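File shown here: upload34.cif, holding mmCIF, C-alpha atoms.
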```
data_structure
loop_
_atom_site.label_atom_id
_atom_site.label_comp_id
_atom_site.auth_asym_id
_atom_site.auth_seq_id
_atom_site.Cartn_x
_atom_site.Cartn_y
_atom_site.Cartn_z
CA MET A 1 195.08 185.72 41.58
CA LYS A 2 198.05 185.05 43.85
CA LEU A 3 198.92 186.80 47.10
CA LYS A 4 202.39 187.70 48.37
CA LEU A 5 203.10 189.60 51.58
CA HIS A 6 206.14 191.71 52.36
CA GLN A 7 207.16 193.28 55.67
CA TYR A 8 209.55 196.23 55.97
CA ASP A 9 210.93 198.37 58.74
CA LEU A 10 211.01 201.82 57.18
CA PRO A 11 213.74 204.01 58.71
CA LEU A 12 212.73 207.64 59.24
CA LYS A 13 214.92 210.56 58.24
CA TYR A 14 214.37 212.15 61.67
CA LYS A 15 212.78 210.83 64.82
CA PHE A 16 209.07 211.59 64.44
CA GLY A 17 207.29 212.89 67.50
CA ILE A 18 203.59 213.39 68.14
CA SER A 19 201.90 214.12 71.45
CA ARG A 20 201.69 210.46 72.54
CA GLU A 21 204.83 208.85 71.07
CA THR A 22 208.10 209.25 69.19
CA ARG A 23 209.44 206.75 66.67
CA THR A 24 212.45 206.30 64.41
CA VAL A 25 211.15 203.33 62.39
CA GLN A 26 207.76 202.63 60.83
CA LYS A 27 206.77 198.98 60.43
CA THR A 28 204.74 198.36 57.30
CA VAL A 29 203.15 195.52 55.32
CA ILE A 30 202.95 195.42 51.52
CA VAL A 31 200.31 193.31 49.79
CA GLU A 32 201.25 192.10 46.31
CA LEU A 33 198.50 190.65 44.10
CA ILE A 34 199.63 188.80 40.99
CA ASP A 35 197.51 188.16 37.90
CA LYS A 36 199.74 186.48 35.28
CA ASP A 37 202.45 189.10 34.61
CA LEU A 38 200.64 192.00 36.33
CA HIS A 39 201.34 193.03 39.93
CA GLY A 40 199.15 195.19 42.14
CA TYR A 41 200.44 196.70 45.40
CA GLY A 42 198.82 197.99 48.56
CA GLU A 43 200.14 198.99 51.97
CA CYS A 44 199.21 199.28 55.61
CA VAL A 45 201.45 200.36 58.43
CA ALA A 46 201.36 198.53 61.74
CA ASN A 47 200.27 200.51 64.79
CA HIS A 48 200.07 198.51 68.00
CA LYS A 49 200.31 201.25 70.60
CA TYR A 50 197.15 203.20 69.68
CA TYR A 51 195.18 201.18 67.11
CA LYS A 52 196.28 197.70 68.31
CA PHE A 53 197.25 196.17 64.93
CA THR A 54 200.61 194.41 64.62
CA VAL A 55 202.48 193.06 61.60
CA GLU A 56 201.67 189.57 62.87
CA ASP A 57 197.92 190.36 63.03
CA ILE A 58 197.96 191.73 59.50
CA PHE A 59 199.90 188.78 58.05
CA SER A 60 197.67 186.25 59.80
CA ASP A 61 194.38 187.78 58.65
CA LEU A 62 195.54 188.15 55.06
CA GLN A 63 196.91 184.61 54.93
CA ASN A 64 193.51 183.39 56.08
CA ILE A 65 191.81 184.70 52.92
CA LYS A 66 194.54 183.53 50.54
CA THR A 67 192.50 180.64 49.12
CA LYS A 68 189.51 182.93 48.51
CA LEU A 69 191.61 185.04 46.14
CA LYS A 70 192.38 182.23 43.73
CA ASN A 71 189.12 182.55 41.81
CA ILE A 72 188.65 186.33 42.04
CA ASP A 73 188.61 187.96 38.62
CA LEU A 74 189.29 191.70 38.35
CA HIS A 75 188.72 191.52 34.62
CA ASN A 76 184.98 191.25 35.29
CA LYS A 77 184.59 192.67 38.80
CA LYS A 78 185.37 196.00 40.43
CA PRO A 79 187.43 196.31 43.63
CA LYS A 80 184.39 197.59 45.53
CA ASP A 81 182.56 194.32 44.75
CA ILE A 82 185.49 192.26 46.01
CA TRP A 83 185.77 194.45 49.13
CA LYS A 84 182.12 193.61 49.93
CA GLU A 85 182.70 189.92 49.25
CA LEU A 86 185.72 189.68 51.54
CA SER A 87 184.55 192.09 54.23
CA PRO A 88 183.07 189.37 56.52
CA LYS A 89 186.58 187.89 56.81
CA LEU A 90 188.51 191.16 57.18
CA SER A 91 186.28 193.84 58.71
CA HIS A 92 187.76 193.20 62.17
CA ASN A 93 191.16 194.27 60.80
CA PRO A 94 190.72 197.41 58.65
CA PHE A 95 194.50 197.82 58.36
CA ALA A 96 194.83 194.51 56.52
CA GLN A 97 191.62 195.20 54.64
CA ASN A 98 193.04 198.49 53.37
CA ALA A 99 196.28 196.97 52.07
CA LEU A 100 194.34 194.36 50.12
CA ASP A 101 191.78 196.84 48.78
CA MET A 102 194.51 199.24 47.65
CA ALA A 103 196.30 196.43 45.85
CA MET A 104 193.02 195.50 44.16
CA TYR A 105 192.66 199.03 42.76
CA ASP A 106 196.27 199.03 41.56
CA LEU A 107 195.86 195.67 39.82
CA TRP A 108 192.43 196.68 38.44
CA GLY A 109 193.98 199.71 36.76
CA LYS A 110 196.86 197.67 35.38
CA ILE A 111 194.47 195.06 33.96
CA HIS A 112 192.47 197.79 32.19
CA ASN A 113 195.60 199.83 31.35
CA LYS A 114 194.25 203.02 32.93
CA PRO A 115 195.04 205.07 36.05
CA THR A 116 192.79 204.25 38.96
CA TYR A 117 191.51 207.83 39.19
CA GLU A 118 190.39 207.59 35.54
CA LEU A 119 188.52 204.35 36.20
CA LEU A 120 186.84 206.19 39.09
CA ASN A 121 185.84 208.97 36.65
CA LEU A 122 187.88 211.59 38.50
CA ASN A 123 189.65 214.59 36.99
CA PRO A 124 193.01 215.50 38.58
CA LYS A 125 193.16 219.00 37.06
CA ASN A 126 192.62 220.82 40.37
CA ASN A 127 194.24 218.43 42.84
CA PRO A 128 195.20 219.96 46.20
CA PHE A 129 198.86 220.20 47.21
CA THR A 130 200.10 218.05 50.07
CA ASP A 131 201.47 219.49 53.28
CA TYR A 132 204.83 218.56 54.81
CA THR A 133 204.71 217.45 58.45
CA ILE A 134 207.03 218.74 61.18
CA GLY A 135 207.07 216.32 64.12
CA ILE A 136 207.50 217.38 67.73
CA ASP A 137 211.10 218.02 68.73
CA THR A 138 213.14 220.83 70.23
CA ILE A 139 212.29 224.18 68.66
CA ASP A 140 215.73 224.33 67.03
CA VAL A 141 215.24 220.97 65.34
CA MET A 142 211.70 221.84 64.24
CA VAL A 143 213.02 225.03 62.68
CA LYS A 144 215.78 223.04 60.97
CA LYS A 145 213.22 220.64 59.47
CA LEU A 146 211.13 223.53 58.20
CA LYS A 147 214.12 225.28 56.67
CA GLU A 148 214.98 222.15 54.69
CA TYR A 149 211.60 222.59 52.96
CA SER A 150 211.58 226.39 53.07
CA ASP A 151 209.93 226.69 49.65
CA TRP A 152 207.12 224.26 50.58
CA PRO A 153 203.65 225.84 50.36
CA ILE A 154 201.96 224.04 53.29
CA PHE A 155 203.19 222.69 56.62
CA LYS A 156 201.45 220.55 59.22
CA ILE A 157 202.94 221.09 62.67
CA LYS A 158 202.59 218.44 65.36
CA LEU A 159 201.88 219.96 68.78
CA GLY A 160 201.11 218.76 72.28
CA THR A 161 203.92 220.27 74.37
CA GLU A 162 204.16 222.90 77.09
CA HIS A 163 205.48 225.37 74.50
CA ASP A 164 203.02 225.06 71.62
CA ILE A 165 202.36 228.76 70.99
CA GLU A 166 206.07 229.52 71.34
CA ILE A 167 206.84 226.83 68.74
CA MET A 168 204.35 228.28 66.28
CA LYS A 169 205.54 231.85 66.69
CA GLU A 170 209.11 230.75 66.04
CA LEU A 171 208.28 228.60 63.01
CA LYS A 172 206.21 231.40 61.49
CA LYS A 173 209.38 233.50 61.23
CA TYR A 174 210.84 231.10 58.66
CA THR A 175 208.00 230.50 56.21
CA LYS A 176 205.31 232.22 54.21
CA GLY A 177 203.59 228.88 53.69
CA ILE A 178 200.21 227.83 55.06
CA LEU A 179 200.40 226.41 58.59
CA ARG A 180 198.15 223.67 59.93
CA ILE A 181 198.14 222.20 63.44
CA ASP A 182 197.73 218.60 64.61
CA ALA A 183 197.56 218.15 68.38
CA ASN A 184 196.76 214.40 68.28
CA CYS A 185 194.32 214.56 71.24
CA ALA A 186 196.72 216.45 73.53
CA TRP A 187 194.60 219.45 74.53
CA ASP A 188 191.38 220.05 76.44
CA ALA A 189 188.45 222.18 75.29
CA GLU A 190 189.32 225.35 77.20
CA GLN A 191 192.93 225.18 76.05
CA THR A 192 191.91 224.63 72.43
CA ILE A 193 189.58 227.62 72.39
CA GLU A 194 192.25 229.81 73.96
CA TYR A 195 194.97 228.56 71.61
CA SER A 196 192.75 228.97 68.56
CA LYS A 197 192.67 232.74 69.04
CA GLU A 198 196.47 232.98 69.24
CA LEU A 199 196.97 230.58 66.36
CA LYS A 200 194.58 232.54 64.17
CA LYS A 201 196.71 235.64 64.73
CA ILE A 202 199.76 233.65 63.62
CA GLY A 203 197.91 232.68 60.44
CA VAL A 204 197.10 229.02 61.11
CA GLU A 205 194.51 227.52 58.71
CA PHE A 206 192.93 224.86 60.95
CA ILE A 207 193.48 222.61 63.96
CA GLU A 208 193.34 218.83 63.65
CA GLN A 209 192.05 216.63 66.51
CA PRO A 210 192.83 218.79 69.54
CA LEU A 211 190.83 216.72 72.06
CA PRO A 212 190.78 213.01 72.95
CA ALA A 213 188.67 211.05 70.47
CA ASP A 214 185.85 210.33 72.92
CA ASP A 215 185.50 213.85 74.37
CA TRP A 216 182.32 214.72 72.47
CA LYS A 217 181.06 217.16 75.09
CA GLY A 218 184.32 219.07 74.91
CA MET A 219 184.27 219.01 71.10
CA LYS A 220 180.78 220.52 71.00
CA ASN A 221 182.13 223.44 73.05
CA VAL A 222 185.19 223.78 70.81
CA TYR A 223 183.07 223.58 67.64
CA LYS A 224 180.92 226.49 68.84
CA ASN A 225 183.73 228.70 70.18
CA SER A 226 186.96 227.99 68.31
CA ALA A 227 188.39 230.84 66.25
CA LEU A 228 189.63 228.24 63.73
CA PRO A 229 188.04 225.29 61.90
CA ILE A 230 188.54 221.91 63.59
CA ILE A 231 189.25 218.73 61.61
CA ALA A 232 188.60 215.25 63.07
CA ASP A 233 191.23 212.50 62.88
CA GLU A 234 191.22 210.05 65.77
CA SER A 235 187.46 210.67 66.11
CA VAL A 236 186.76 209.43 62.58
CA ILE A 237 187.75 205.83 61.92
CA LYS A 238 184.86 203.87 60.42
CA GLU A 239 182.16 204.98 58.00
CA SER A 240 179.51 205.77 60.61
CA ASP A 241 181.91 208.18 62.32
CA VAL A 242 181.52 210.77 59.55
CA GLU A 243 177.93 211.52 60.50
CA LYS A 244 178.86 211.28 64.19
CA CYS A 245 181.39 214.10 63.65
CA TYR A 246 178.81 216.38 62.03
CA LYS A 247 178.39 219.60 64.07
CA TYR A 248 181.29 218.56 66.30
CA PHE A 249 183.99 219.13 63.67
CA HIS A 250 184.15 221.31 60.57
CA GLY A 251 185.80 218.55 58.56
CA VAL A 252 187.15 215.01 58.65
CA ASN A 253 190.58 213.54 57.98
CA ILE A 254 189.87 210.13 56.48
CA LYS A 255 192.73 207.65 56.81
CA VAL A 256 192.38 204.78 54.35
CA VAL A 257 194.42 202.54 56.65
CA LYS A 258 191.98 203.05 59.52
CA CYS A 259 188.72 202.80 57.57
CA GLY A 260 189.61 199.71 55.54
CA GLY A 261 190.65 200.96 52.12
CA LEU A 262 189.83 203.16 49.17
CA THR A 263 186.38 201.58 48.83
CA PRO A 264 184.99 202.76 52.21
CA ALA A 265 187.00 206.01 51.96
CA LEU A 266 185.09 206.87 48.78
CA ARG A 267 181.79 206.32 50.58
CA MET A 268 182.97 208.43 53.54
CA ILE A 269 183.97 211.25 51.20
CA ARG A 270 180.54 211.22 49.56
CA LYS A 271 178.85 211.27 52.98
CA ALA A 272 180.98 214.19 54.20
CA ARG A 273 180.12 216.15 51.06
CA THR A 274 176.39 215.72 51.71
CA LEU A 275 176.99 217.18 55.18
CA ASN A 276 178.96 220.11 53.75
CA MET A 277 182.06 219.14 55.74
CA LYS A 278 185.63 219.75 54.60
CA ILE A 279 187.45 216.61 53.47
CA MET A 280 191.04 215.66 54.11
CA VAL A 281 192.82 212.36 53.56
CA GLY A 282 195.95 211.67 55.56
CA CYS A 283 198.75 209.16 55.51
CA MET A 284 200.33 207.29 58.43
CA THR A 285 203.96 207.51 57.28
CA GLU A 286 203.44 204.97 54.51
CA SER A 287 205.92 204.48 51.70
CA THR A 288 205.27 205.47 48.10
CA VAL A 289 203.04 202.37 47.80
CA GLY A 290 200.49 203.75 50.25
CA VAL A 291 200.55 207.38 49.17
CA SER A 292 200.22 206.40 45.50
CA GLY A 293 196.95 204.75 46.48
CA ILE A 294 195.85 207.84 48.41
CA ALA A 295 196.73 209.99 45.38
CA GLN A 296 193.90 208.41 43.39
CA LEU A 297 191.44 210.23 45.67
CA LEU A 298 193.03 213.68 45.29
CA PRO A 299 190.38 215.14 42.94
CA LEU A 300 187.78 214.66 45.69
CA LEU A 301 189.69 216.40 48.49
CA ASP A 302 190.01 219.86 50.03
CA TYR A 303 193.23 218.99 51.89
CA VAL A 304 195.71 216.15 51.82
CA ASP A 305 198.56 214.97 54.03
CA MET A 306 200.53 212.43 51.96
CA ASP A 307 204.12 213.28 52.75
CA GLY A 308 205.01 209.83 54.13
CA PRO A 309 207.82 209.06 51.65
CA LEU A 310 209.42 212.45 52.33
CA LEU A 311 209.80 211.51 56.00
CA LEU A 312 211.65 208.26 55.19
CA ALA A 313 215.40 207.77 55.04
CA LYS A 314 214.78 204.99 52.49
CA ASP A 315 211.75 204.19 50.35
CA ILE A 316 210.71 200.82 48.94
CA ALA A 317 208.78 201.74 45.81
CA LYS A 318 208.34 204.05 42.86
CA GLY A 319 205.04 205.71 42.03
CA ILE A 320 203.78 209.24 42.56
CA THR A 321 206.34 212.01 43.04
CA ILE A 322 206.01 215.17 45.12
CA ASN A 323 207.72 218.48 44.36
CA LYS A 324 207.01 221.51 46.53
CA GLY A 325 203.67 220.01 47.49
CA LYS A 326 202.55 219.23 43.95
CA VAL A 327 201.76 215.55 43.37
CA SER A 328 202.59 214.07 39.97
CA TYR A 329 201.28 210.68 38.87
CA SER A 330 203.38 207.86 37.51
CA ASN A 331 202.92 206.90 33.85
CA ILE A 332 202.19 203.33 34.97
CA PRO A 333 198.48 202.34 35.07
CA GLY A 334 196.56 201.63 38.27
CA ASN A 335 197.99 203.43 41.28
CA GLY A 336 201.23 203.60 39.31
CA VAL A 337 203.33 201.54 41.70
CA THR A 338 206.40 199.36 41.27
CA LEU A 339 208.00 197.76 44.32
CA THR A 340 211.77 198.20 44.52
CA GLY A 341 212.41 196.89 48.02
CA MET A 342 214.84 198.35 50.52
CA LYS A 343 218.09 199.48 48.90
#
```

Would you write the structure of this file as C-alpha cells?
Amino acid sequence: MKLKLHQYDLPLKYKFGISRETRTVQKTVIVELIDKDLHGYGECVANHKYYKFTVEDIFSDLQNIKTKLKNIDLHNKKPKDIWKELSPKLSHNPFAQNALDMAMYDLWGKIHNKPTYELLNLNPKNNPFTDYTIGIDTIDVMVKKLKEYSDWPIFKIKLGTEHDIEIMKELKKYTKGILRIDANCAWDAEQTIEYSKELKKIGVEFIEQPLPADDWKGMKNVYKNSALPIIADESVIKESDVEKCYKYFHGVNIKVVKCGGLTPALRMIRKARTLNMKIMVGCMTESTVGVSGIAQLLPLLDYVDMDGPLLLAKDIAKGITINKGKVSYSNIPGNGVTLTGMK
C-alpha cells in the first residue's frame, strides 16, 4: 500500500461566518492510498484557530507512518483493525487519523467491490436528509442564501450575534423547511433558556452547542429548562465524551474529523444509542471526499449536516450527490470517490 498526500485551499461560495470566526477559504488535506490500480481517498480539514491542527501537522504525522503502510493488507484485514494498529502513532492527531481511516474504508470497499455501507451491514433505505447551513452575515445576505435553496427541506442557521431572534424571525418568512440552530458556544445558560422559548414558537427543531464546551454547570441548567432539545458539538470530541454528555445534552453531533475517523465514530454512535441519545454527524466544510465518507454512516443517524460541497465555489472530487437534501450514492464501490483536483 502506497500513500500520497494532497493539500488544497477550497474557496467558499460565500464568506462563512460562525460566532468565533469568518473564513473565505477552507484548507484541507486529502489522503490517497494506492493498492495496485485501486485508489482510496480520505479527507481532513485543517483547523488551527480552535482545534490547533495545521496542514503541516497533518502532513508530518502521516508521513511518519508511511513505512508502516507498506505491508498492510486490506484484502485480509478490516479498517478497524488497521485503525487499532496505527492508533499509537496517530491518536495525538485525530484529524490526520480520520483522513487515513476514511481512505482505508474507501479502499476496502473498492478491493471487495462493494459500497462501504454494505460492508458495514447497513441499509440506506431510510437515510436522513442533510441540512443546508446558513453562515452568519447581515440579515439581507442570510435571507439571500436561504432563498437560493428555497426548496430545501432543512436549514441549519449559525447564530451568535446581537440580533439572533430577529434573524430567525426574518428567515422564517422565506421557508417552510425545518430550522435548526447552531450557536457554536456563543450563548450563556440564561440566554439559551430564554431564547429556546422564542425559537420554539418560530418552529426551530433543536439548538446545537449553545454554551462553551467546558460549561457543564450551565449545560445541566439548560438541559433541565430548555424548551428545545440541545445537541452537543464542541463538547463531544473523543469517544469518552459521549457518556460525559449524557444528561447534559439530548444528543451528540459526532464529527469524524475530530474523533479520528469512521472507526471511532461507529463506536460513538453505538454508545449514544445505548444511552437513548439522538445522533447527528456533521461535516467541517469538507469536499465531496469527506462527505462521501460521512455518507456511509447515514443509516445509523437521526440527523446529518453534510452540506460541505454545497458551500464551496469549487470542488475537488466526485462521489455522493445531494439534491434538495436527499443524498445519493455513487455507483463506484467503497465511499464512491474519485479525485478530480481543482479545476

Inset, instruction - Grab the atom CA of A:Ala313 to atom CA of A:Gly290 distance for me, in Å with one decimal place. - result: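 Between atom CA of A:Ala313 and atom CA of A:Gly290 the gap is 16.2 Å.
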
Check which residues of stretch 57-147 of chain A sit at most 9 Å from stretch 248-256 of chain A using all atoms listed in the file, and return one row each with the closest pair of atoms and their distance in Å to one decimal, ordered by chain and rising number, as a tab-separated table.
```
residue	atom	partner	partner_atom	distance
A:Pro94	CA	A:Val256	CA	8.7
A:Phe95	CA	A:Val256	CA	8.3
A:Asn98	CA	A:Val256	CA	6.4
A:Met102	CA	A:Val256	CA	9.0
```

Inset, instruction - Go through the shown structure with the PyMOL selection byres ((chain A and resi 56-59) around 10) and write out the matching residues as JSON, numbers by chain. - result: {"A": [5, 6, 7, 28, 29, 30, 31, 44, 45, 46, 48, 52, 53, 54, 55, 60, 61, 62, 63, 64, 90, 93, 94, 95, 96, 97, 99]}

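When atom CA of A:Ile322 is paired with atom CA of A:Glu32, their separation reads 23.6 Å.
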
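The spacing separating atom CA of A:Arg23 from atom CA of A:Thr133 amounts to 14.3 Å.
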
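The shortest atom-to-atom distance to A:Ile181, with all atoms listed in the file taken into account, belongs to A:Ile18 out of A:Leu10, A:Met104, A:Ile18, A:Ile279.
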
Inset, instruction - Any chance you could resolve the PyMOL selection byres ((chain A and resi 192) around 10) against this file and give the residues as a list in words? - result: Ala183, Ala186, Trp187, Asp188, Ala189, Glu190, Gln191, Ile193, Glu194, Tyr195, Ser196, Lys197, Leu199, Ile207, Gln209, Pro210, Leu211, Gly218, Met219, Asn221, Val222, Asn225, Ser226, Ala227, Leu228 and Ile230 of chain A

Legend entry - Pick from A:Ile139, A:Leu120, A:Met168, A:Leu146 nearest to A:Leu300, counting only C-alpha atoms: A:Leu120

Legend entry - Residues within 8 Å of A:Leu298, only C-alpha atoms, excluding chain neighbours under 3 positions, as a PyMOL selection string: chain A and resi 124+127-128+294-295+301+304

Inset, instruction - Evaluate the PyMOL selection byres ((chain A and resi 114) around 12) and record the selected residues as a list in words, following the chain and residue labels used in the document. - result: Tyr105, Asp106, Leu107, Trp108, Gly109, Lys110, Ile111, His112, Asn113, Pro115, Thr116, Tyr117, Glu118, Leu119, Leu120, Asn121, Gln296, Tyr329, Ser330, Asn331, Ile332, Pro333, Gly334, Asn335 and Gly336 of chain A

Written file, previous selection with C-alpha atoms, as an mmCIF file, keeping the file's coordinate frame:
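The file below, again22.cif, is the result:
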```
data_model
loop_
_atom_site.group_PDB
_atom_site.id
_atom_site.type_symbol
_atom_site.label_atom_id
_atom_site.label_comp_id
_atom_site.auth_asym_id
_atom_site.auth_seq_id
_atom_site.Cartn_x
_atom_site.Cartn_y
_atom_site.Cartn_z
ATOM 1 C CA TYR A 105 192.660 199.030 42.760
ATOM 2 C CA ASP A 106 196.270 199.030 41.560
ATOM 3 C CA LEU A 107 195.860 195.670 39.820
ATOM 4 C CA TRP A 108 192.430 196.680 38.440
ATOM 5 C CA GLY A 109 193.980 199.710 36.760
ATOM 6 C CA LYS A 110 196.860 197.670 35.380
ATOM 7 C CA ILE A 111 194.470 195.060 33.960
ATOM 8 C CA HIS A 112 192.470 197.790 32.190
ATOM 9 C CA ASN A 113 195.600 199.830 31.350
ATOM 10 C CA PRO A 115 195.040 205.070 36.050
ATOM 11 C CA THR A 116 192.790 204.250 38.960
ATOM 12 C CA TYR A 117 191.510 207.830 39.190
ATOM 13 C CA GLU A 118 190.390 207.590 35.540
ATOM 14 C CA LEU A 119 188.520 204.350 36.200
ATOM 15 C CA LEU A 120 186.840 206.190 39.090
ATOM 16 C CA ASN A 121 185.840 208.970 36.650
ATOM 17 C CA GLN A 296 193.900 208.410 43.390
ATOM 18 C CA TYR A 329 201.280 210.680 38.870
ATOM 19 C CA SER A 330 203.380 207.860 37.510
ATOM 20 C CA ASN A 331 202.920 206.900 33.850
ATOM 21 C CA ILE A 332 202.190 203.330 34.970
ATOM 22 C CA PRO A 333 198.480 202.340 35.070
ATOM 23 C CA GLY A 334 196.560 201.630 38.270
ATOM 24 C CA ASN A 335 197.990 203.430 41.280
ATOM 25 C CA GLY A 336 201.230 203.600 39.310
#
```

Legend entry - Closest of A:Glu205, A:Ala317, A:Ser150, A:Arg270 to A:Thr288 - atom-to-atom distances counting only C-alpha atoms: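 Checking each candidate against A:Thr288, we get A:Ala317 as the closest.
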
Legend entry - Shortest interatomic distance to A:Lys324 - which of A:Asp151, A:Glu85, A:Asp73, A:Asp140, counting all atoms listed in the file: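 That would be A:Asp151, the residue with the smallest distance to A:Lys324.
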
Inset, instruction - Could you tell me which of A:Thr285, A:Asn276, A:Thr175, A:Thr161 comes closest to A:Glu148 if we count only C-alpha atoms? - result: A:Thr175

Inset, instruction - Have a look at A:Gly203, A:Ala265, A:Ser240, A:Glu162 and name the one nearest to A:Trp83; count all atoms listed in the file. - result: A:Ala265

Residues within 10 Å of (204.0, 220.7, 50.0), counting all atoms listed in the file, listed as a CSV table (one decimal) with C-alpha atoms, in the coordinates of the input:
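Written out: result_35.csv:
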```csv
chain,number,residue,atom,x,y,z
A,128,PRO,CA,195.2,220.0,46.2
A,129,PHE,CA,198.9,220.2,47.2
A,130,THR,CA,200.1,218.0,50.1
A,131,ASP,CA,201.5,219.5,53.3
A,132,TYR,CA,204.8,218.6,54.8
A,133,THR,CA,204.7,217.4,58.4
A,149,TYR,CA,211.6,222.6,53.0
A,150,SER,CA,211.6,226.4,53.1
A,151,ASP,CA,209.9,226.7,49.6
A,152,TRP,CA,207.1,224.3,50.6
A,153,PRO,CA,203.6,225.8,50.4
A,154,ILE,CA,202.0,224.0,53.3
A,155,PHE,CA,203.2,222.7,56.6
A,156,LYS,CA,201.4,220.6,59.2
A,177,GLY,CA,203.6,228.9,53.7
A,178,ILE,CA,200.2,227.8,55.1
A,304,VAL,CA,195.7,216.2,51.8
A,305,ASP,CA,198.6,215.0,54.0
A,306,MET,CA,200.5,212.4,52.0
A,307,ASP,CA,204.1,213.3,52.8
A,322,ILE,CA,206.0,215.2,45.1
A,323,ASN,CA,207.7,218.5,44.4
A,324,LYS,CA,207.0,221.5,46.5
A,325,GLY,CA,203.7,220.0,47.5
A,326,LYS,CA,202.6,219.2,44.0
A,327,VAL,CA,201.8,215.6,43.4
```

Inset, instruction - Find the residues near A:Ile202: any atom within 8 Å, counting all atoms listed in the file, skip ones fewer than 4 places away on the same chain, and give them as a list in words. - result: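 Neighbouring residues, sequence-local ones excluded: Met168, Lys169, Lys172 and Glu198 of chain A.
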
Inset, instruction - May I have the residues within 10 Å of A:Lys66 as a list in words, using all atoms listed in the file and disregarding those fewer than 5 positions away in the same chain? - result: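 These residues fall inside the cut-off: Met1, Lys2, Leu3, Lys4 and Asp61 of chain A.
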
Inset, instruction - Would you kindly return, as a ChimeraX atom specification, each protein, DNA or RNA residue with an atom no farther than 10 Å from any atom of A:Lys314, considering all atoms listed in the file and excluding same-chain residues fewer than 5 positions away? - result: /A:9-13,287,309,341-343
